[in-house]
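Enquirer: Hey, dropping entry.cif in here, mmCIF, C-alpha atoms:
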```cif
data_query
#
loop_
_atom_site.label_atom_id
_atom_site.label_comp_id
_atom_site.auth_asym_id
_atom_site.auth_seq_id
_atom_site.Cartn_x
_atom_site.Cartn_y
_atom_site.Cartn_z
CA MET G 1 107.90 88.44 91.41
CA ARG G 2 110.79 90.86 91.90
CA PHE G 3 109.51 94.24 92.98
CA SER G 4 110.91 97.08 90.89
CA PHE G 5 109.25 99.88 92.71
CA VAL G 6 109.29 101.97 95.84
CA LEU G 7 105.96 101.87 97.62
CA PHE G 8 104.99 104.77 99.85
CA PHE G 9 102.20 105.27 102.38
CA ALA G 10 101.43 108.12 104.71
CA LEU G 11 98.64 108.84 107.16
CA SER G 12 97.62 111.61 109.49
CA ILE G 13 94.46 111.07 111.55
CA GLY G 14 93.21 111.36 115.09
CA VAL G 15 93.97 107.86 116.37
CA HIS G 16 94.28 107.47 120.12
CA VAL G 17 97.26 105.38 121.20
CA VAL G 18 97.93 104.44 124.81
CA SER G 19 101.08 106.21 125.96
CA ALA G 20 104.00 104.21 127.36
CA THR G 21 107.56 104.86 128.42
CA ASN G 22 108.66 102.47 125.68
CA ILE G 23 106.22 103.20 122.88
CA SER G 24 107.40 100.15 120.94
CA ASP G 25 105.96 97.92 123.68
CA THR G 26 102.55 99.39 122.91
CA LEU G 27 102.87 99.40 119.13
CA LEU G 28 104.68 96.15 118.33
CA PRO G 29 103.37 94.53 115.13
CA SER G 30 101.91 91.06 115.03
CA ASN G 31 104.09 88.02 114.29
CA HIS G 32 103.39 86.30 110.97
CA LYS G 33 106.36 84.01 110.31
CA GLY G 34 108.47 84.74 113.38
CA TYR G 35 108.61 84.95 117.16
CA THR G 36 109.47 87.94 119.32
CA ILE G 37 112.97 88.55 120.68
CA SER G 38 113.56 91.65 122.80
CA HIS G 39 116.95 93.31 122.94
CA THR G 40 117.72 96.37 125.04
CA TYR G 41 116.97 99.02 122.42
CA TYR G 42 114.99 97.20 119.73
CA THR G 43 112.68 94.21 119.30
CA ILE G 44 112.52 91.75 116.41
CA SER G 45 110.23 89.02 115.15
CA TYR G 46 112.65 86.30 114.06
CA SER G 47 111.73 83.90 111.26
CA GLU G 48 113.65 80.64 111.66
CA PRO G 49 112.85 79.41 108.12
CA ASP G 50 114.27 82.60 106.62
CA LYS G 51 117.17 83.04 109.10
CA GLN G 52 116.35 86.71 109.63
CA ALA G 53 113.81 88.98 111.27
CA GLU G 54 110.50 89.67 109.58
CA TRP G 55 110.47 93.01 111.42
CA ALA G 56 112.60 95.10 113.75
CA ALA G 57 110.85 97.76 115.86
CA TYR G 58 112.22 100.52 118.07
CA TYR G 59 111.70 104.09 119.21
CA LEU G 60 114.24 106.38 117.57
CA THR G 61 115.15 109.34 119.80
CA PRO G 62 117.32 112.36 119.00
CA ALA G 63 119.74 111.14 121.70
CA SER G 64 120.23 107.87 119.78
CA ILE G 65 121.07 109.83 116.63
CA ILE G 66 123.41 112.47 118.03
CA GLY G 67 125.10 110.12 120.50
CA THR G 68 128.89 109.83 120.48
CA GLN G 69 129.18 106.05 120.41
CA LYS G 70 131.39 105.09 117.46
CA ARG G 71 130.39 102.45 114.93
CA THR G 72 131.98 99.12 115.79
CA SER G 73 131.27 97.13 112.59
CA LYS G 74 131.71 93.99 114.70
CA PHE G 75 129.11 91.58 113.38
CA MET G 76 128.28 88.72 115.74
CA PRO G 77 125.73 85.90 116.23
CA ASP G 78 122.66 86.78 118.26
CA PRO G 79 123.23 85.24 121.73
CA LEU G 80 119.47 84.72 122.19
CA LEU G 81 119.19 82.29 119.26
CA LYS G 82 119.95 78.57 119.50
CA GLU G 83 121.16 78.33 115.89
CA PRO G 84 122.21 81.87 114.97
CA VAL G 85 123.44 83.06 111.60
CA LYS G 86 127.18 83.68 111.60
CA PRO G 87 128.88 86.73 110.07
CA ASN G 88 130.82 84.64 107.55
CA ASP G 89 127.56 83.15 106.18
CA TYR G 90 127.41 86.26 103.97
CA THR G 91 131.04 86.06 102.83
CA LYS G 92 131.51 86.04 99.03
CA THR G 93 127.76 85.89 98.41
CA GLY G 94 127.55 89.25 96.65
CA TYR G 95 125.15 90.58 99.29
CA ASP G 96 125.69 93.08 102.09
CA ARG G 97 124.81 92.32 105.70
CA GLY G 98 122.07 94.93 105.62
CA HIS G 99 120.88 96.37 108.92
CA LEU G 100 117.17 96.46 109.70
CA CYS G 101 117.79 98.63 112.76
CA PRO G 102 120.65 100.85 111.49
CA ALA G 103 123.84 101.30 113.47
CA ALA G 104 123.50 105.05 112.92
CA ASP G 105 120.21 104.88 114.87
CA MET G 106 121.96 103.20 117.80
CA LYS G 107 124.70 105.70 118.77
CA LEU G 108 123.39 106.11 122.31
CA ASN G 109 125.93 103.83 124.03
CA GLY G 110 128.04 100.70 123.69
CA VAL G 111 125.14 98.33 124.32
CA SER G 112 122.92 99.82 121.63
CA MET G 113 125.76 99.81 119.10
CA THR G 114 126.83 96.25 119.91
CA GLU G 115 123.28 94.88 119.65
CA SER G 116 122.76 96.60 116.29
CA PHE G 117 125.43 94.27 114.85
CA TYR G 118 123.72 91.03 115.88
CA MET G 119 123.25 88.93 112.76
CA SER G 120 119.54 88.57 113.58
CA ASN G 121 119.34 92.27 112.67
CA MET G 122 120.84 91.62 109.22
CA SER G 123 119.25 90.71 105.90
CA PRO G 124 120.90 90.05 102.50
CA GLN G 125 120.82 93.31 100.57
CA VAL G 126 122.13 94.14 97.12
CA PRO G 127 125.08 96.53 97.66
CA SER G 128 123.70 99.22 95.35
CA PHE G 129 120.47 99.12 97.34
CA ASN G 130 121.99 99.02 100.83
CA ARG G 131 124.48 101.79 100.13
CA GLY G 132 122.15 103.79 97.89
CA ILE G 133 118.42 104.40 98.16
CA TRP G 134 118.06 102.37 101.39
CA SER G 135 120.74 104.50 103.03
CA LYS G 136 118.96 107.60 101.72
CA LEU G 137 115.74 106.46 103.36
CA GLU G 138 117.52 105.80 106.67
CA ASP G 139 118.95 109.32 106.56
CA LYS G 140 115.49 110.74 105.93
CA VAL G 141 114.01 108.88 108.91
CA ARG G 142 116.72 110.33 111.15
CA GLU G 143 115.86 113.82 109.88
CA TRP G 144 112.23 113.26 110.82
CA ALA G 145 113.16 111.87 114.24
CA LEU G 146 115.13 115.04 114.97
CA GLU G 147 112.35 117.30 113.66
CA LYS G 148 109.61 115.49 115.59
CA ASN G 149 111.60 114.77 118.77
CA GLY G 150 111.50 111.02 118.26
CA VAL G 151 109.60 108.54 116.09
CA TYR G 152 108.66 104.87 116.27
CA VAL G 153 110.15 102.78 113.45
CA VAL G 154 109.36 99.33 112.05
CA THR G 155 111.56 97.84 109.33
CA GLY G 156 111.67 94.45 107.66
CA PRO G 157 112.08 92.33 104.55
CA LEU G 158 109.26 91.03 102.40
CA LEU G 159 109.48 87.30 103.08
CA ASN G 160 106.39 85.96 101.30
CA LYS G 161 108.40 85.60 98.07
CA SER G 162 112.07 84.62 97.92
CA CYS G 163 114.53 86.01 95.40
CA GLY G 164 117.00 83.23 96.21
CA THR G 165 119.00 82.05 99.20
CA ILE G 166 122.56 82.31 100.51
CA ALA G 167 124.45 79.91 102.76
CA GLY G 168 121.85 77.31 101.88
CA SER G 169 118.96 78.66 103.93
CA ILE G 170 119.11 82.46 104.36
CA THR G 171 116.32 83.98 102.29
CA VAL G 172 117.20 86.80 99.92
CA PRO G 173 114.18 89.14 100.10
CA CYS G 174 112.80 90.74 96.97
CA ALA G 175 111.86 93.93 98.80
CA TYR G 176 112.00 95.79 102.12
CA TYR G 177 109.61 98.06 103.98
CA LYS G 178 109.94 100.78 106.59
CA ILE G 179 107.18 102.42 108.65
CA VAL G 180 107.59 105.58 110.72
CA PHE G 181 104.98 106.52 113.32
CA LYS G 182 104.52 109.60 115.51
CA GLN G 183 101.83 110.28 118.08
CA THR G 184 101.02 113.99 118.41
CA PRO G 185 98.56 115.98 120.54
CA HIS G 186 96.34 116.10 117.45
CA GLY G 187 96.45 112.37 116.73
CA ALA G 188 98.73 109.91 114.96
CA GLU G 189 100.95 110.41 111.91
CA ALA G 190 102.61 107.58 110.02
CA ILE G 191 104.45 107.02 106.78
CA ALA G 192 105.57 103.76 105.19
CA PHE G 193 107.83 102.73 102.33
CA MET G 194 108.59 99.54 100.47
CA LEU G 195 111.57 99.33 98.14
CA SER G 196 112.76 96.59 95.85
CA ASN G 197 116.09 94.99 96.78
CA ALA G 198 117.88 96.77 93.96
CA GLY G 199 119.60 100.06 93.28
CA SER G 200 117.37 102.98 92.30
CA SER G 201 117.68 106.70 91.59
CA LEU G 202 113.96 107.35 92.04
CA PRO G 203 112.82 109.90 94.65
CA LEU G 204 111.49 108.38 97.87
CA LYS G 205 108.12 110.06 97.52
CA GLN G 206 107.30 108.90 94.01
CA PHE G 207 105.58 105.56 94.65
CA VAL G 208 102.59 105.35 96.98
CA VAL G 209 100.56 102.48 98.48
CA SER G 210 98.04 102.14 101.28
CA ILE G 211 98.89 100.36 104.49
CA ASP G 212 96.16 97.85 103.65
CA TYR G 213 98.24 96.79 100.66
CA LEU G 214 101.43 96.65 102.71
CA GLU G 215 99.76 94.38 105.25
CA SER G 216 98.36 92.17 102.50
CA LEU G 217 101.89 91.62 101.17
CA THR G 218 103.51 90.84 104.52
CA GLY G 219 100.69 89.19 106.48
CA ILE G 220 101.60 91.48 109.39
CA ASP G 221 99.25 93.75 111.35
CA PHE G 222 101.51 96.74 111.97
CA PHE G 223 99.14 98.46 114.40
CA GLU G 224 97.82 95.40 116.19
CA SER G 225 97.13 97.28 119.45
CA LEU G 226 94.63 99.58 117.75
CA SER G 227 91.00 98.56 117.47
CA ASP G 228 89.60 97.52 114.09
CA ALA G 229 87.52 100.68 114.06
CA GLU G 230 90.62 102.86 114.57
CA GLU G 231 92.57 101.01 111.88
CA GLU G 232 89.73 101.30 109.39
CA LYS G 233 89.94 105.08 109.70
CA PHE G 234 93.38 105.30 108.09
CA GLU G 235 94.65 102.09 106.51
CA SER G 236 93.22 102.89 103.08
CA LEU G 237 94.31 106.55 103.12
CA VAL G 238 97.35 108.10 101.46
CA LEU G 239 98.48 111.43 102.96
CA THR G 240 101.98 112.93 102.75
CA ASN G 241 101.61 116.46 104.09
CA ASN G 242 103.03 115.75 107.57
CA TRP G 243 106.42 114.54 106.32
CA ARG G 244 108.98 116.85 104.76
CA PHE G 245 110.75 115.76 101.57
CA ASN G 246 113.57 117.56 99.77
CA ASP G 247 113.18 115.76 96.45
#
```
Just give me the structure of the file as structure tokens.

Expert:
Amino acid sequence: MRFSFVLFFALSIGVHVVSATNISDTLLPSNHKGYTISHTYYTISYSEPDKQAEWAAYYLTPASIIGTQKRTSKFMPDPLLKEPVKPNDYTKTGYDRGHLCPAADMKLNGVSMTESFYMSNMSPQVPSFNRGIWSKLEDKVREWALEKNGVYVVTGPLLNKSCGTIAGSITVPCAYYKIVFKQTPHGAEAIAFMLSNAGSSLPLKQFVVSIDYLESLTGIDFFESLSDAEEEKFESLVLTNNWRFND
């Protein structure tokens, strides 16, 4: 089924999370269809059958946003894969090479920018989606990262239902999700979205879903390091008051 909605989830509760220099090492989601590959500034779970990552996770700092590294737009195969997708596999398909970890989130230095253009970080996105509401959501996450002095981000395609393929074996996802997490002195705050792979003029905040539903769609445990008791405290809740929206 093609998803024609934007799904939104937010939480704000007193969950204790073990602190770490690299918070993504503590909070990495579970693998459902893929296996973990760690790059310098982000980590992915790569699904060989789908020829793309089922999630990309990283800690987004203000320094990564306001950095001076220029966008390279040099797409390249992931050197850590035996049979990587090539940039020209998307040529004349009608789909953009859509970033999971955006280049604009990786302006810290040359390494971060270069790695953001690995094809393992790309997924086939409808142009009106990639350059429209998805770009709007990426901008909003950067606003929050600046306001909150850094946030943890997980992004991925919905791979349990294909909306076609390109280059013979690259799955075209029907929808995408993005989760933003922040640990505060008062507990944990998180917000999650899922958007259909299609253009939309709807406001980001309009469509809401619990994290339980998001996990049921993806088969992924997004907060695997938390105990079941901690997860049960928030995964069915929908709260939006800790995240500022302009629309």

Enquirer: Taking the file as I've supplied it (selection: the PyMOL selection byres ((chain G and resi 218) around 9)), which residues are included? Please answer as a ChimeraX atom specification.

Expert: /G:32,54,157-160,213-217,219-221

Enquirer: Could you tell me how far atom CA of G:Glu224 lies from atom CA of G:Arg97, in Å and to one decimal?

Expert: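 Atom-to-atom, atom CA of G:Glu224 to atom CA of G:Arg97, that is 29.1 Å.
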
Enquirer: Can you measure atom CA of G:Thr93 to atom CA of G:Ser196 for me? One decimal in Å is fine.

Expert: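 If I compute the distance from atom CA of G:Thr93 to atom CA of G:Ser196, I get 18.6 Å.
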
Enquirer: For stretch 62-78 of chain G, list every protein, DNA or RNA residue within 10 Å, evaluated using only C-alpha atoms, and leave out those in the same chain fewer than 4 positions away; present the list as a ChimeraX atom specification.

Expert: /G:39,41,82-88,97,103-122,142-151

Enquirer: What's the separation between atom CA of G:Gly156 and atom CA of G:Ala190, in Å to one decimal place?

Expert: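 We find that atom CA of G:Gly156 and atom CA of G:Ala190 lie 16.1 Å from each other.
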